[in-house]
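Note: the block below is coords-v4.txt and it holds compact mmCIF, C-alpha atoms.
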# COMPACT_ATOMS: atom_id res chain seq x y z
CA MET A 1 1.77 18.52 60.13
CA ARG A 2 1.13 14.86 60.94
CA PRO A 3 -0.47 12.76 58.17
CA GLU A 4 -4.13 12.04 58.49
CA ALA A 5 -4.72 8.63 60.05
CA GLU A 6 -7.28 6.22 58.71
CA GLY A 7 -10.26 5.92 61.02
CA SER A 8 -12.84 3.24 61.46
CA GLU A 9 -14.94 4.94 58.79
CA GLY A 10 -12.25 4.14 56.20
CA ARG A 11 -11.37 7.80 55.64
CA ARG A 12 -9.24 8.39 52.57
CA ARG A 13 -5.55 8.95 53.03
CA PRO A 14 -3.63 10.80 50.26
CA CYS A 15 -1.57 8.35 48.22
CA PHE A 16 0.37 9.76 45.31
CA HIS A 17 2.26 7.17 43.30
CA PRO A 18 5.87 8.11 42.48
CA LEU A 19 5.45 6.96 38.87
CA GLY A 20 2.61 9.37 38.28
CA CYS A 21 0.13 6.62 37.47
CA CYS A 22 -2.32 7.70 40.16
CA HIS A 23 -3.18 11.22 41.23
CA GLN A 24 -6.24 10.36 43.29
CA PRO A 25 -6.34 9.57 47.01
CA CYS A 26 -6.88 5.89 47.69
CA VAL A 27 -8.00 3.82 50.66
CA ARG A 28 -5.39 1.39 51.98
CA ARG A 29 -7.83 -1.30 52.89
CA GLN A 30 -9.24 -1.28 49.32
CA GLY A 31 -6.06 -2.71 47.81
CA CYS A 32 -3.66 0.17 47.21
CA ASN A 33 -0.50 -1.36 45.77
CA LEU A 34 1.71 0.99 47.79
CA ARG A 35 2.86 0.34 51.34
CA HIS A 36 2.15 3.09 53.81
CA GLY A 37 4.67 3.61 56.58
CA LYS A 38 3.66 4.87 59.98
CA SER A 39 4.95 8.30 59.05
CA GLY A 40 2.64 8.47 56.05
CA GLY A 41 5.33 7.84 53.40
CA GLN A 42 4.66 5.55 50.47
CA ARG A 43 6.84 3.09 48.60
CA LEU A 44 6.32 0.39 46.00
CA GLY A 45 5.31 -2.88 47.59
CA GLY A 46 8.10 -5.38 48.24
CA GLY A 47 10.33 -4.13 45.39
CA ALA A 48 8.54 -6.57 43.06
CA ASP A 49 6.77 -3.80 41.17
CA MET A 50 10.04 -2.01 40.41
CA ARG A 51 11.70 -5.24 39.27
CA GLY A 52 8.75 -5.95 37.00
CA LEU A 53 8.90 -2.45 35.56
CA LYS A 54 12.63 -2.81 34.81
CA LEU A 55 12.08 -6.17 33.11
CA PHE A 56 9.27 -4.69 31.03
CA PHE A 57 11.48 -1.77 29.97
CA LEU A 58 14.36 -4.09 28.97
CA ALA A 59 11.99 -6.34 27.03
CA VAL A 60 10.67 -3.38 25.04
CA VAL A 61 14.13 -1.96 24.25
CA PHE A 62 16.03 -5.15 23.47
CA GLY A 63 13.02 -6.93 22.03
CA GLY A 64 12.69 -4.10 19.51
CA VAL A 65 16.35 -4.40 18.55
CA GLY A 66 15.90 -8.14 18.09
CA LEU A 67 12.93 -7.59 15.80
CA MET A 68 14.89 -5.15 13.65
CA ALA A 69 17.81 -7.59 13.36
CA ALA A 70 15.42 -10.42 12.53
CA GLU A 71 14.19 -8.51 9.46
CA LEU A 72 17.50 -9.18 7.64
CA ALA A 73 18.69 -12.50 6.21
CA PRO A 74 22.07 -13.39 4.64
CA GLY A 75 22.66 -12.71 0.95
CA LEU A 76 21.18 -10.37 -1.66
CA LYS A 77 17.80 -10.89 -3.27
CA CYS A 78 18.37 -11.82 -6.92
CA GLU A 79 15.70 -11.27 -9.59
CA VAL A 80 16.44 -12.55 -13.10
CA PHE A 81 14.37 -11.34 -16.07
CA GLY A 82 14.50 -13.02 -19.47
CA PHE A 83 13.90 -10.96 -22.64
CA ASP A 84 13.09 -11.73 -26.26
CA GLY A 85 15.54 -10.09 -28.64
CA ALA A 86 18.82 -8.24 -28.25
CA ILE A 87 19.69 -6.14 -25.17
CA GLU A 88 22.18 -3.44 -26.14
CA ASP A 89 21.70 -1.15 -23.13
CA TRP A 90 19.86 -1.06 -19.82
CA PRO A 91 16.44 -2.59 -20.46
CA THR A 92 13.23 -1.10 -19.14
CA VAL A 93 11.56 -3.63 -16.86
CA PRO A 94 7.78 -3.07 -16.70
CA ALA A 95 6.47 -2.84 -13.15
CA ASP A 96 4.10 -5.76 -13.78
CA LYS A 97 6.77 -8.02 -15.33
CA ALA A 98 7.39 -11.01 -13.07
CA PRO A 99 10.96 -12.30 -12.69
CA THR A 100 11.83 -15.47 -14.57
CA VAL A 101 13.75 -16.61 -11.48
CA THR A 102 13.94 -15.22 -7.92
CA LYS A 103 16.64 -16.48 -5.57
CA VAL A 104 19.23 -15.37 -2.99
CA ASP A 105 22.94 -14.99 -3.80
CA VAL A 106 25.35 -14.73 -0.88
CA GLN A 107 27.85 -12.91 -3.12
CA VAL A 108 28.03 -11.40 -6.60
CA ASN A 109 31.14 -13.18 -7.80
CA PHE A 110 30.40 -14.98 -11.07
CA GLU A 111 33.11 -15.83 -13.59
CA SER A 112 32.29 -15.45 -17.27
CA THR A 113 30.61 -18.51 -18.75
CA GLU A 114 28.79 -19.47 -21.93
CA ASP A 115 26.71 -22.00 -20.01
CA ALA A 116 23.34 -21.17 -18.45
CA TRP A 117 23.52 -18.54 -15.71
CA PRO A 118 23.72 -20.28 -12.29
CA GLY A 119 20.28 -21.16 -10.95
CA THR A 120 18.58 -20.51 -14.31
CA GLN A 121 18.26 -21.93 -17.81
CA LEU A 122 19.13 -18.58 -19.41
CA THR A 123 22.25 -18.13 -21.53
CA ASP A 124 21.58 -14.86 -23.41
CA GLN A 125 19.28 -11.80 -23.37
CA PHE A 126 18.63 -11.45 -19.66
CA TYR A 127 18.85 -8.81 -16.94
CA ILE A 128 19.60 -9.31 -13.21
CA ARG A 129 18.83 -7.05 -10.27
CA TRP A 130 20.37 -7.74 -6.85
CA THR A 131 18.94 -5.74 -3.93
CA GLY A 132 19.49 -5.62 -0.19
CA VAL A 133 21.75 -4.11 2.45
CA ILE A 134 25.51 -3.79 2.79
CA LYS A 135 26.76 -3.54 6.39
CA ILE A 136 29.73 -1.21 6.72
CA GLU A 137 31.85 -1.98 9.78
CA LYS A 138 33.69 1.35 10.10
CA ASP A 139 33.64 4.90 8.76
CA ALA A 140 35.97 5.03 5.76
CA LYS A 141 36.39 5.92 2.11
CA TYR A 142 35.47 2.90 -0.04
CA THR A 143 36.16 2.20 -3.72
CA PHE A 144 33.78 -0.22 -5.44
CA TYR A 145 34.35 -2.10 -8.70
CA THR A 146 32.45 -4.34 -11.07
CA GLU A 147 33.93 -6.76 -13.55
CA SER A 148 31.31 -7.89 -16.01
CA ASP A 149 30.32 -9.25 -19.43
CA ASP A 150 28.16 -7.36 -20.52
CA GLY A 151 27.07 -4.24 -18.58
CA SER A 152 26.87 -3.67 -14.81
CA ARG A 153 26.37 -0.85 -12.32
CA VAL A 154 26.06 -0.36 -8.55
CA PHE A 155 23.88 1.96 -6.47
CA ILE A 156 24.40 2.61 -2.74
CA ASP A 157 21.73 4.60 -0.91
CA GLY A 158 20.27 5.49 -4.31
CA LYS A 159 23.52 6.93 -5.70
CA CYS A 160 25.34 5.30 -8.62
CA VAL A 161 28.87 4.48 -7.41
CA VAL A 162 29.99 2.28 -10.36
CA ASP A 163 28.86 2.50 -14.01
CA ASN A 164 30.28 -0.26 -16.19
CA GLY A 165 27.57 -0.25 -18.85
CA GLY A 166 27.67 -1.14 -22.54
CA LEU A 167 28.39 -4.25 -24.57
CA HIS A 168 31.83 -5.70 -23.82
CA GLY A 169 33.69 -8.79 -22.70
CA MET A 170 34.72 -9.37 -19.06
CA GLU A 171 35.85 -5.84 -18.20
CA GLU A 172 36.59 -4.19 -14.86
CA LYS A 173 35.70 -0.63 -13.95
CA ALA A 174 36.15 1.32 -10.70
CA GLY A 175 33.88 3.98 -9.30
CA ASP A 176 35.02 7.13 -7.53
CA PRO A 177 35.85 6.64 -3.82
CA VAL A 178 32.82 7.19 -1.61
CA GLU A 179 32.66 8.08 2.10
CA LEU A 180 30.45 5.67 4.03
CA LYS A 181 29.51 5.70 7.70
CA ALA A 182 29.44 2.52 9.75
CA GLY A 183 26.02 0.87 9.60
CA GLU A 184 23.53 -0.45 7.07
CA HIS A 185 23.24 1.00 3.56
CA GLU A 186 20.76 0.12 0.81
CA ILE A 187 22.41 -1.49 -2.22
CA LYS A 188 21.32 -2.36 -5.75
CA ILE A 189 23.49 -4.07 -8.38
CA GLU A 190 22.30 -4.36 -11.99
CA PHE A 191 23.69 -6.54 -14.77
CA PHE A 192 22.62 -7.40 -18.30
CA GLU A 193 23.77 -9.99 -20.80
CA ASN A 194 23.18 -9.77 -24.53
CA GLY A 195 25.06 -12.68 -26.11
CA GLY A 196 28.18 -14.80 -25.81
CA GLY A 197 29.85 -15.13 -22.42
CA ALA A 198 28.23 -13.76 -19.25
CA GLY A 199 29.79 -12.93 -15.89
CA CYS A 200 29.59 -10.36 -13.09
CA LYS A 201 31.74 -9.62 -10.03
CA PHE A 202 31.29 -7.00 -7.30
CA LEU A 203 34.49 -5.91 -5.53
CA TRP A 204 35.66 -3.32 -3.02
CA GLU A 205 38.77 -1.75 -1.52
CA ALA A 206 39.41 0.53 1.47
CA GLU A 207 41.96 1.27 4.16
CA GLY A 208 42.64 -2.09 5.78
CA ILE A 209 40.68 -3.95 3.05
CA THR A 210 42.63 -5.45 0.15
CA LYS A 211 40.82 -5.30 -3.18
CA ASP A 212 38.63 -8.40 -3.37
CA ALA A 213 35.08 -9.60 -3.92
CA VAL A 214 32.69 -8.06 -1.39
CA PRO A 215 32.31 -10.86 1.21
CA ALA A 216 29.08 -12.64 2.07
CA LYS A 217 29.32 -11.55 5.73
CA VAL A 218 28.35 -7.94 4.87
CA LEU A 219 25.53 -8.62 2.38
CA PHE A 220 21.91 -9.07 3.50
CA HIS A 221 18.35 -8.78 2.21
CA LYS A 222 15.09 -7.87 3.90
CA LYS A 223 12.82 -10.83 4.61
Target format C-alpha cells, applied to this file:
Amino acid sequence: MRPEAEGSEGRRRPCFHPLGCCHQPCVRRQGCNLRHGKSGGQRLGGGADMRGLKLFFLAVVFGGVGLMAAELAPGLKCEVFGFDGAIEDWPTVPADKAPTVTKVDVQVNFESTEDAWPGTQLTDQFYIRWTGVIKIEKDAKYTFYTESDDGSRVFIDGKCVVDNGGLHGMEEKAGDPVELKAGEHEIKIEFFENGGGAGCKFLWEAEGITKDAVPAKVLFHKK
C-alpha cells in the first residue's frame, strides 16, 4: 500500500520516530524534525541529531566518571584529639568532641619522637584517626603491619586487619593476610600516645610488593 500523500489541506502523514520519542502523527510542514523520503520512509535530519545524541550520551557516562574521580584527593584525612590525663587503652571520643588539629597526611610513616607530633603542639596524651580510601591495583592477598609507640590498629572495609594495641615502645605487629579485590576500599587507622616517645608507621606486603610503608600513590580521602 502506497503511503498517504500530503494534500493541499495539510493532511497528516504518519511519522513515527525511531527513538520512540513521538508516537503521534505529525505534519511535515509544521516542523517535523524527520526527513520524509518520497517512499514515505523517515530518517533523522542530516545526521546532526544522531551526532548530538551520541555526544550527550558520552557526556553523561564519562562526565559521571569524572565527577566520581573528582571526589577523591591525595592523602588520608588526619584528625588529632588531645586529652587530659593518661591514655592506657583506646579512648572513647565523644561524637561532639572537635579535633584539636585536622590535616591531611600523604602517608602514615612517622618515626618515634619525643618532640611535638608533626603539625601539632602535642607531645603526650593524644589520639589520632586517619580515614580515607586505599586503592588496590590488583586482586591479591595482602599483609598489613603497624609499627607504633604506643597503640595502633587498622580497619579495611570495617574489618580490623591489624591490632597493635596497648602501651609499649616502637613495636611492629602484623595482621593476618587478607584477600582484597582491585579497586577502592575504605580504610581507618587509629593511634594513641600516652607518654614518652610517639611514632606510627603503616606498612604492607604482597606478591610483587616488598614489605615497605604503604605509598602515598594509593592513599586518598573524600573531599
Extract, using all atoms listed in the file, all DNA, RNA and protein residues at most 10 Å from segment 112-115 of chain A, discarding same-chain residues fewer than 6 positions from it, and format them as an mmCIF file with C-alpha atoms, in the coordinates of the input.
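Written output follows (result_23.cif):
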data_model
loop_
_atom_site.group_PDB
_atom_site.id
_atom_site.type_symbol
_atom_site.label_atom_id
_atom_site.label_comp_id
_atom_site.auth_asym_id
_atom_site.auth_seq_id
_atom_site.Cartn_x
_atom_site.Cartn_y
_atom_site.Cartn_z
ATOM 1 C CA GLN A 121 18.260 -21.930 -17.810
ATOM 2 C CA LEU A 122 19.130 -18.580 -19.410
ATOM 3 C CA THR A 123 22.250 -18.130 -21.530
ATOM 4 C CA ASP A 124 21.580 -14.860 -23.410
ATOM 5 C CA GLU A 147 33.930 -6.760 -13.550
ATOM 6 C CA SER A 148 31.310 -7.890 -16.010
ATOM 7 C CA ASP A 149 30.320 -9.250 -19.430
ATOM 8 C CA ASP A 150 28.160 -7.360 -20.520
ATOM 9 C CA GLY A 169 33.690 -8.790 -22.700
ATOM 10 C CA MET A 170 34.720 -9.370 -19.060
ATOM 11 C CA GLY A 195 25.060 -12.680 -26.110
ATOM 12 C CA GLY A 196 28.180 -14.800 -25.810
ATOM 13 C CA GLY A 197 29.850 -15.130 -22.420
ATOM 14 C CA ALA A 198 28.230 -13.760 -19.250
ATOM 15 C CA GLY A 199 29.790 -12.930 -15.890
ATOM 16 C CA CYS A 200 29.590 -10.360 -13.090
ATOM 17 C CA LYS A 201 31.740 -9.620 -10.030
#
Quiz item: What is the distance between atom CA of Asp163 of chain A and atom CA of Val106 of chain A, in Å to one decimal?
Solution: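 Between atom CA of Asp163 of chain A and atom CA of Val106 of chain A the gap is 21.9 Å.
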Exercise. Skip Glu205 of chain A itself and residues of its chain fewer than 4 positions away, then list as a ChimeraX atom specification all residues within 10 Å of it, counting all atoms listed in the file.
Key: /A:141-145,177,209-214
Self-check item: Residue among A:Ala140, A:Ala95, A:Val80, A:Ala182 lying closest to Glu207 of chain A, counting all atoms listed in the file
Solution: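 Residue with the minimum atom-to-atom distance to Glu207 of chain A: A:Ala140.
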Quiz item: Do you have the atom CA of Asp105 of chain A-atom CA of Ile128 of chain A distance handy?
Solution: 11.5 Å
Practice problem: Scan for residues within 8 Å of the point (18.0, -8.4, 6.0) in the coordinates of the file, using all atoms listed in the file, and reply as a list in words. | Solution: Ala69, Ala70, Glu71, Leu72, Ala73, Pro74, Gly132, Val133, Phe220, His221, Lys222 and Lys223 of chain A
Quiz item: Using all atoms listed in the file, which of the listed residues (A:Cys78, A:Asp157, A:Val108, A:Pro118) sits closest to Val178 of chain A?
Solution: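 Checking each candidate against Val178 of chain A, we get A:Asp157 as the closest.
Take the candidates A:Asp96, A:Glu79, A:Val162, A:Ser152 and check each one against Gly119 of chain A using all atoms listed in the file; the shortest distance goes to A:Glu79.
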Quiz item: Mind pulling up the distance from atom CA of Gly208 of chain A to atom CA of Arg129 of chain A?
Solution: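 Atom CA of Gly208 of chain A lies at a distance of 29.1 Å from atom CA of Arg129 of chain A.
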Quiz item: Which neighbours of Glu190 of chain A fall inside 9 Å, counting all atoms listed in the file, when residues of the same chain fewer than 2 positions from it are skipped, and could you give them as a list of chain:residue names?
Solution: A:Trp90, A:Tyr127, A:Ile128, A:Arg129, A:Trp130, A:Thr131, A:Gly151, A:Ser152, A:Arg153, A:Val154, A:Phe155, A:Lys188, A:Phe192
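Each of A:Pro99, A:Phe202, A:Val161, A:Lys181 was compared to Glu111 of chain A using only C-alpha atoms, and A:Phe202 turns out to be the nearest.
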Exercise. Tell me which of A:Val93, A:Ile156, A:Leu76, A:Ala116 sits closest to Glu179 of chain A, counting only C-alpha atoms.
Key: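 Among the listed residues, A:Ile156 lies closest to Glu179 of chain A.
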Quiz item: Taking only C-alpha atoms into account, which of A:Asn164, A:Lys77, A:Lys217, A:Asp84 comes nearest Lys103 of chain A?
Solution: A:Lys77
